[in-house]
Amino acid sequence: MAPAFGLKVGQVLSHPQASALLREAMAEVERIATALGIELPPDCIDEKLDFIGRFPPDVTSSLQRNLEAGRPSEFVHLSGAIPRFARQADLPCPATDEILARLRARGLQPD
């Protein structure tokens, strides 16, 4: 999410558009999981948002550093799995599609 906006991880929740897209993407994952019969903890989104909210503003993730340096990253295995699971569940994933489009628009190669 952070590299899609050119932000550091610790800045995402204070950026209205990035924060909203993050929340949409998390809800999207929850819907996909439910459709596939994968049970997530009822408060997992709130817990993850709380975790992200504790990051200092200057923190980046290794995934972000790898993407921005043009190195291979685990993106395809983590966030990149969302479209594959969405297709399996026959559900759209517009938030994830937007994140991917934003990454590519910044010249980053998530695939």
# chains A, B, ... in the order shown; residues from 1 in each chain; ligands from 1
$ residues_around --residues "Phe85 in chain A" --least-positions-apart "2" --cutoff "9 Å" --atoms "only C-alpha atoms" --output "list of chain:residue names"
A:Val29, A:Ile32, A:Ala33, A:Leu36, A:Ala81, A:Ile82, A:Pro83, A:Arg87, A:Gln88, A:Ala89, A:Asp90, A:Leu91
$ write_last_selection --atoms "N, CA and C atoms" --output "PDB file, in the first residue's frame"
ATOM      1  N   VAL A  29     -10.203  -8.309   1.110  1.00  0.00           N
ATOM      2  CA  VAL A  29      -9.582  -9.579   1.507  1.00  0.00           C
ATOM      3  C   VAL A  29     -10.522 -10.356   2.422  1.00  0.00           C
ATOM      4  N   ILE A  32     -13.264 -11.913   0.305  1.00  0.00           N
ATOM      5  CA  ILE A  32     -12.735 -13.028  -0.476  1.00  0.00           C
ATOM      6  C   ILE A  32     -12.526 -14.239   0.423  1.00  0.00           C
ATOM      7  N   ALA A  33     -11.935 -14.014   1.577  1.00  0.00           N
ATOM      8  CA  ALA A  33     -11.713 -15.115   2.522  1.00  0.00           C
ATOM      9  C   ALA A  33     -13.037 -15.765   2.905  1.00  0.00           C
ATOM     10  N   LEU A  36     -14.396 -17.976   0.276  1.00  0.00           N
ATOM     11  CA  LEU A  36     -13.632 -19.212   0.121  1.00  0.00           C
ATOM     12  C   LEU A  36     -13.683 -20.096   1.357  1.00  0.00           C
ATOM     13  N   ALA A  81      -1.406 -12.346  -4.361  1.00  0.00           N
ATOM     14  CA  ALA A  81      -2.295 -13.513  -4.282  1.00  0.00           C
ATOM     15  C   ALA A  81      -3.766 -13.100  -4.238  1.00  0.00           C
ATOM     16  N   ILE A  82      -4.033 -11.862  -3.888  1.00  0.00           N
ATOM     17  CA  ILE A  82      -5.431 -11.419  -3.739  1.00  0.00           C
ATOM     18  C   ILE A  82      -6.205 -11.559  -5.044  1.00  0.00           C
ATOM     19  N   PRO A  83      -5.695 -11.085  -6.186  1.00  0.00           N
ATOM     20  CA  PRO A  83      -6.456 -11.280  -7.427  1.00  0.00           C
ATOM     21  C   PRO A  83      -6.671 -12.753  -7.773  1.00  0.00           C
ATOM     22  N   ARG A  87     -10.413 -14.301  -8.150  1.00  0.00           N
ATOM     23  CA  ARG A  87     -10.898 -15.048  -9.321  1.00  0.00           C
ATOM     24  C   ARG A  87     -11.470 -16.392  -8.891  1.00  0.00           C
ATOM     25  N   GLN A  88     -10.766 -17.055  -7.974  1.00  0.00           N
ATOM     26  CA  GLN A  88     -11.239 -18.349  -7.461  1.00  0.00           C
ATOM     27  C   GLN A  88     -12.604 -18.199  -6.815  1.00  0.00           C
ATOM     28  N   ALA A  89     -12.844 -17.096  -6.110  1.00  0.00           N
ATOM     29  CA  ALA A  89     -14.118 -16.854  -5.428  1.00  0.00           C
ATOM     30  C   ALA A  89     -15.136 -16.179  -6.349  1.00  0.00           C
ATOM     31  N   ASP A  90     -14.730 -15.888  -7.572  1.00  0.00           N
ATOM     32  CA  ASP A  90     -15.577 -15.188  -8.544  1.00  0.00           C
ATOM     33  C   ASP A  90     -16.044 -13.832  -7.989  1.00  0.00           C
ATOM     34  N   LEU A  91     -15.099 -13.097  -7.410  1.00  0.00           N
ATOM     35  CA  LEU A  91     -15.372 -11.778  -6.842  1.00  0.00           C
ATOM     36  C   LEU A  91     -14.431 -10.748  -7.460  1.00  0.00           C
TER      37      LEU A  91
END
$ residues_around --residues "range 43-49 of chain A" --least-positions-apart "6" --cutoff "12 Å" --atoms "only C-alpha atoms" --output "PDB file with C-alpha atoms, in the first residue's frame"
ATOM      1  CA  VAL A   9       4.424   2.637   6.005  1.00  0.00           C
ATOM      2  CA  GLY A  10       4.164   4.911   9.015  1.00  0.00           C
ATOM      3  CA  VAL A  12      -0.296   5.593   5.339  1.00  0.00           C
ATOM      4  CA  LEU A  13      -2.947   6.069   8.008  1.00  0.00           C
ATOM      5  CA  SER A  14      -2.423   9.842   8.101  1.00  0.00           C
ATOM      6  CA  SER A  19      -5.854   5.106   4.440  1.00  0.00           C
ATOM      7  CA  ALA A  20      -9.239   4.729   2.729  1.00  0.00           C
ATOM      8  CA  LEU A  22      -6.035   0.360   2.669  1.00  0.00           C
ATOM      9  CA  ARG A  23      -9.297  -0.121   4.539  1.00  0.00           C
ATOM     10  CA  GLU A  24     -11.099  -1.016   1.296  1.00  0.00           C
ATOM     11  CA  ALA A  25      -8.392  -3.531   0.403  1.00  0.00           C
ATOM     12  CA  MET A  26      -8.578  -5.122   3.838  1.00  0.00           C
ATOM     13  CA  ALA A  27     -12.379  -5.422   3.587  1.00  0.00           C
ATOM     14  CA  GLU A  28     -11.904  -6.903   0.123  1.00  0.00           C
ATOM     15  CA  VAL A  29      -9.582  -9.579   1.507  1.00  0.00           C
ATOM     16  CA  GLU A  30     -12.103 -10.312   4.245  1.00  0.00           C
ATOM     17  CA  ARG A  31     -14.907 -10.771   1.669  1.00  0.00           C
ATOM     18  CA  PHE A  55       4.767   2.497  13.048  1.00  0.00           C
TER      19      PHE A  55
END
$ atom_distance --atom1 "CA of Phe75 in chain A" --atom2 "CA of Gln11 in chain A"
19.6 Å
$ closest_residue --among "A:Ile52, A:Leu78, A:Ala95, A:Leu100" --to "Gln17 in chain A" --atoms "only C-alpha atoms"
A:Ala95
$ decode --residues "range 26-62 of chain A" --atoms "N, CA, C and O atoms" --output "PDB file, in the first residue's frame"
ATOM      1  N   MET A  26      -8.448  -4.171   2.737  1.00  0.00           N
ATOM      2  CA  MET A  26      -8.578  -5.122   3.838  1.00  0.00           C
ATOM      3  C   MET A  26      -9.983  -5.731   3.861  1.00  0.00           C
ATOM      4  O   MET A  26     -10.134  -6.944   4.062  1.00  0.00           O
ATOM      5  N   ALA A  27     -11.001  -4.908   3.644  1.00  0.00           N
ATOM      6  CA  ALA A  27     -12.379  -5.422   3.587  1.00  0.00           C
ATOM      7  C   ALA A  27     -12.544  -6.363   2.395  1.00  0.00           C
ATOM      8  O   ALA A  27     -13.257  -7.370   2.482  1.00  0.00           O
ATOM      9  N   GLU A  28     -11.878  -6.052   1.310  1.00  0.00           N
ATOM     10  CA  GLU A  28     -11.904  -6.903   0.123  1.00  0.00           C
ATOM     11  C   GLU A  28     -11.335  -8.282   0.438  1.00  0.00           C
ATOM     12  O   GLU A  28     -11.925  -9.304   0.095  1.00  0.00           O
ATOM     13  N   VAL A  29     -10.203  -8.309   1.110  1.00  0.00           N
ATOM     14  CA  VAL A  29      -9.582  -9.579   1.507  1.00  0.00           C
ATOM     15  C   VAL A  29     -10.522 -10.356   2.422  1.00  0.00           C
ATOM     16  O   VAL A  29     -10.678 -11.570   2.282  1.00  0.00           O
ATOM     17  N   GLU A  30     -11.163  -9.652   3.331  1.00  0.00           N
ATOM     18  CA  GLU A  30     -12.103 -10.312   4.245  1.00  0.00           C
ATOM     19  C   GLU A  30     -13.263 -10.942   3.468  1.00  0.00           C
ATOM     20  O   GLU A  30     -13.655 -12.081   3.747  1.00  0.00           O
ATOM     21  N   ARG A  31     -13.811 -10.220   2.485  1.00  0.00           N
ATOM     22  CA  ARG A  31     -14.907 -10.771   1.669  1.00  0.00           C
ATOM     23  C   ARG A  31     -14.456 -11.990   0.871  1.00  0.00           C
ATOM     24  O   ARG A  31     -15.171 -12.986   0.769  1.00  0.00           O
ATOM     25  N   ILE A  32     -13.264 -11.913   0.305  1.00  0.00           N
ATOM     26  CA  ILE A  32     -12.735 -13.028  -0.476  1.00  0.00           C
ATOM     27  C   ILE A  32     -12.526 -14.239   0.423  1.00  0.00           C
ATOM     28  O   ILE A  32     -12.900 -15.362   0.072  1.00  0.00           O
ATOM     29  N   ALA A  33     -11.935 -14.014   1.577  1.00  0.00           N
ATOM     30  CA  ALA A  33     -11.713 -15.115   2.522  1.00  0.00           C
ATOM     31  C   ALA A  33     -13.037 -15.765   2.905  1.00  0.00           C
ATOM     32  O   ALA A  33     -13.154 -17.001   2.906  1.00  0.00           O
ATOM     33  N   THR A  34     -14.026 -14.969   3.226  1.00  0.00           N
ATOM     34  CA  THR A  34     -15.342 -15.500   3.600  1.00  0.00           C
ATOM     35  C   THR A  34     -15.923 -16.337   2.469  1.00  0.00           C
ATOM     36  O   THR A  34     -16.433 -17.441   2.699  1.00  0.00           O
ATOM     37  N   ALA A  35     -15.819 -15.837   1.242  1.00  0.00           N
ATOM     38  CA  ALA A  35     -16.359 -16.565   0.092  1.00  0.00           C
ATOM     39  C   ALA A  35     -15.657 -17.895  -0.118  1.00  0.00           C
ATOM     40  O   ALA A  35     -16.264 -18.855  -0.614  1.00  0.00           O
ATOM     41  N   LEU A  36     -14.396 -17.976   0.276  1.00  0.00           N
ATOM     42  CA  LEU A  36     -13.632 -19.212   0.121  1.00  0.00           C
ATOM     43  C   LEU A  36     -13.683 -20.096   1.357  1.00  0.00           C
ATOM     44  O   LEU A  36     -13.013 -21.121   1.415  1.00  0.00           O
ATOM     45  N   GLY A  37     -14.469 -19.697   2.344  1.00  0.00           N
ATOM     46  CA  GLY A  37     -14.607 -20.494   3.552  1.00  0.00           C
ATOM     47  C   GLY A  37     -13.429 -20.382   4.501  1.00  0.00           C
ATOM     48  O   GLY A  37     -13.226 -21.241   5.355  1.00  0.00           O
ATOM     49  N   ILE A  38     -12.669 -19.314   4.378  1.00  0.00           N
ATOM     50  CA  ILE A  38     -11.519 -19.074   5.254  1.00  0.00           C
ATOM     51  C   ILE A  38     -11.983 -18.161   6.378  1.00  0.00           C
ATOM     52  O   ILE A  38     -12.433 -17.045   6.133  1.00  0.00           O
ATOM     53  N   GLU A  39     -11.881 -18.643   7.582  1.00  0.00           N
ATOM     54  CA  GLU A  39     -12.338 -17.862   8.730  1.00  0.00           C
ATOM     55  C   GLU A  39     -11.208 -16.985   9.257  1.00  0.00           C
ATOM     56  O   GLU A  39     -10.137 -17.477   9.611  1.00  0.00           O
ATOM     57  N   LEU A  40     -11.459 -15.703   9.283  1.00  0.00           N
ATOM     58  CA  LEU A  40     -10.514 -14.750   9.853  1.00  0.00           C
ATOM     59  C   LEU A  40     -11.025 -14.317  11.221  1.00  0.00           C
ATOM     60  O   LEU A  40     -12.239 -14.304  11.450  1.00  0.00           O
ATOM     61  N   PRO A  41     -10.134 -13.927  12.107  1.00  0.00           N
ATOM     62  CA  PRO A  41     -10.595 -13.423  13.405  1.00  0.00           C
ATOM     63  C   PRO A  41     -11.518 -12.229  13.188  1.00  0.00           C
ATOM     64  O   PRO A  41     -11.276 -11.412  12.291  1.00  0.00           O
ATOM     65  N   PRO A  42     -12.571 -12.108  13.981  1.00  0.00           N
ATOM     66  CA  PRO A  42     -13.545 -11.037  13.770  1.00  0.00           C
ATOM     67  C   PRO A  42     -12.963  -9.628  13.845  1.00  0.00           C
ATOM     68  O   PRO A  42     -13.474  -8.715  13.232  1.00  0.00           O
ATOM     69  N   ASP A  43     -11.883  -9.440  14.553  1.00  0.00           N
ATOM     70  CA  ASP A  43     -11.315  -8.100  14.719  1.00  0.00           C
ATOM     71  C   ASP A  43      -9.970  -7.942  14.010  1.00  0.00           C
ATOM     72  O   ASP A  43      -9.197  -7.052  14.335  1.00  0.00           O
ATOM     73  N   CYS A  44      -9.720  -8.792  13.009  1.00  0.00           N
ATOM     74  CA  CYS A  44      -8.382  -8.774  12.401  1.00  0.00           C
ATOM     75  C   CYS A  44      -8.077  -7.460  11.690  1.00  0.00           C
ATOM     76  O   CYS A  44      -6.948  -6.985  11.739  1.00  0.00           O
ATOM     77  N   ILE A  45      -9.064  -6.836  11.054  1.00  0.00           N
ATOM     78  CA  ILE A  45      -8.798  -5.565  10.371  1.00  0.00           C
ATOM     79  C   ILE A  45      -8.427  -4.491  11.391  1.00  0.00           C
ATOM     80  O   ILE A  45      -7.429  -3.782  11.223  1.00  0.00           O
ATOM     81  N   ASP A  46      -9.198  -4.384  12.456  1.00  0.00           N
ATOM     82  CA  ASP A  46      -8.885  -3.389  13.484  1.00  0.00           C
ATOM     83  C   ASP A  46      -7.516  -3.636  14.105  1.00  0.00           C
ATOM     84  O   ASP A  46      -6.757  -2.689  14.356  1.00  0.00           O
ATOM     85  N   GLU A  47      -7.192  -4.909  14.337  1.00  0.00           N
ATOM     86  CA  GLU A  47      -5.882  -5.238  14.914  1.00  0.00           C
ATOM     87  C   GLU A  47      -4.750  -4.825  13.978  1.00  0.00           C
ATOM     88  O   GLU A  47      -3.743  -4.273  14.423  1.00  0.00           O
ATOM     89  N   LYS A  48      -4.903  -5.106  12.691  1.00  0.00           N
ATOM     90  CA  LYS A  48      -3.848  -4.755  11.726  1.00  0.00           C
ATOM     91  C   LYS A  48      -3.728  -3.237  11.581  1.00  0.00           C
ATOM     92  O   LYS A  48      -2.623  -2.708  11.472  1.00  0.00           O
ATOM     93  N   LEU A  49      -4.857  -2.530  11.573  1.00  0.00           N
ATOM     94  CA  LEU A  49      -4.801  -1.072  11.498  1.00  0.00           C
ATOM     95  C   LEU A  49      -4.122  -0.491  12.738  1.00  0.00           C
ATOM     96  O   LEU A  49      -3.334   0.462  12.636  1.00  0.00           O
ATOM     97  N   ASP A  50      -4.404  -1.066  13.889  1.00  0.00           N
ATOM     98  CA  ASP A  50      -3.753  -0.623  15.120  1.00  0.00           C
ATOM     99  C   ASP A  50      -2.247  -0.874  15.040  1.00  0.00           C
ATOM    100  O   ASP A  50      -1.445  -0.010  15.418  1.00  0.00           O
ATOM    101  N   PHE A  51      -1.865  -2.028  14.524  1.00  0.00           N
ATOM    102  CA  PHE A  51      -0.444  -2.373  14.353  1.00  0.00           C
ATOM    103  C   PHE A  51       0.232  -1.365  13.427  1.00  0.00           C
ATOM    104  O   PHE A  51       1.292  -0.818  13.747  1.00  0.00           O
ATOM    105  N   ILE A  52      -0.388  -1.088  12.284  1.00  0.00           N
ATOM    106  CA  ILE A  52       0.170  -0.143  11.323  1.00  0.00           C
ATOM    107  C   ILE A  52       0.252   1.256  11.944  1.00  0.00           C
ATOM    108  O   ILE A  52       1.222   1.986  11.717  1.00  0.00           O
ATOM    109  N   GLY A  53      -0.734   1.609  12.728  1.00  0.00           N
ATOM    110  CA  GLY A  53      -0.766   2.920  13.358  1.00  0.00           C
ATOM    111  C   GLY A  53       0.353   3.160  14.352  1.00  0.00           C
ATOM    112  O   GLY A  53       0.643   4.303  14.698  1.00  0.00           O
ATOM    113  N   ARG A  54       0.991   2.109  14.805  1.00  0.00           N
ATOM    114  CA  ARG A  54       2.099   2.247  15.759  1.00  0.00           C
ATOM    115  C   ARG A  54       3.456   2.418  15.075  1.00  0.00           C
ATOM    116  O   ARG A  54       4.455   2.635  15.747  1.00  0.00           O
ATOM    117  N   PHE A  55       3.497   2.327  13.756  1.00  0.00           N
ATOM    118  CA  PHE A  55       4.767   2.497  13.048  1.00  0.00           C
ATOM    119  C   PHE A  55       5.195   3.962  13.091  1.00  0.00           C
ATOM    120  O   PHE A  55       4.376   4.854  12.870  1.00  0.00           O
ATOM    121  N   PRO A  56       6.463   4.219  13.324  1.00  0.00           N
ATOM    122  CA  PRO A  56       6.961   5.589  13.216  1.00  0.00           C
ATOM    123  C   PRO A  56       6.809   6.073  11.769  1.00  0.00           C
ATOM    124  O   PRO A  56       6.831   5.266  10.837  1.00  0.00           O
ATOM    125  N   PRO A  57       6.661   7.373  11.554  1.00  0.00           N
ATOM    126  CA  PRO A  57       6.401   7.896  10.210  1.00  0.00           C
ATOM    127  C   PRO A  57       7.489   7.606   9.178  1.00  0.00           C
ATOM    128  O   PRO A  57       7.226   7.633   7.992  1.00  0.00           O
ATOM    129  N   ASP A  58       8.698   7.334   9.605  1.00  0.00           N
ATOM    130  CA  ASP A  58       9.784   7.133   8.648  1.00  0.00           C
ATOM    131  C   ASP A  58      10.077   5.668   8.324  1.00  0.00           C
ATOM    132  O   ASP A  58      11.030   5.370   7.623  1.00  0.00           O
ATOM    133  N   VAL A  59       9.230   4.746   8.776  1.00  0.00           N
ATOM    134  CA  VAL A  59       9.478   3.313   8.587  1.00  0.00           C
ATOM    135  C   VAL A  59       9.042   2.868   7.198  1.00  0.00           C
ATOM    136  O   VAL A  59       7.982   3.236   6.712  1.00  0.00           O
ATOM    137  N   THR A  60       9.891   2.055   6.569  1.00  0.00           N
ATOM    138  CA  THR A  60       9.537   1.391   5.322  1.00  0.00           C
ATOM    139  C   THR A  60       9.620  -0.113   5.555  1.00  0.00           C
ATOM    140  O   THR A  60      10.277  -0.566   6.490  1.00  0.00           O
ATOM    141  N   SER A  61       8.955  -0.868   4.703  1.00  0.00           N
ATOM    142  CA  SER A  61       9.033  -2.331   4.804  1.00  0.00           C
ATOM    143  C   SER A  61      10.091  -2.845   3.837  1.00  0.00           C
ATOM    144  O   SER A  61      10.456  -2.164   2.865  1.00  0.00           O
ATOM    145  N   SER A  62      10.558  -4.061   4.072  1.00  0.00           N
ATOM    146  CA  SER A  62      11.536  -4.647   3.149  1.00  0.00           C
ATOM    147  C   SER A  62      10.906  -4.837   1.777  1.00  0.00           C
ATOM    148  O   SER A  62      11.563  -4.639   0.753  1.00  0.00           O
TER     149      SER A  62
END
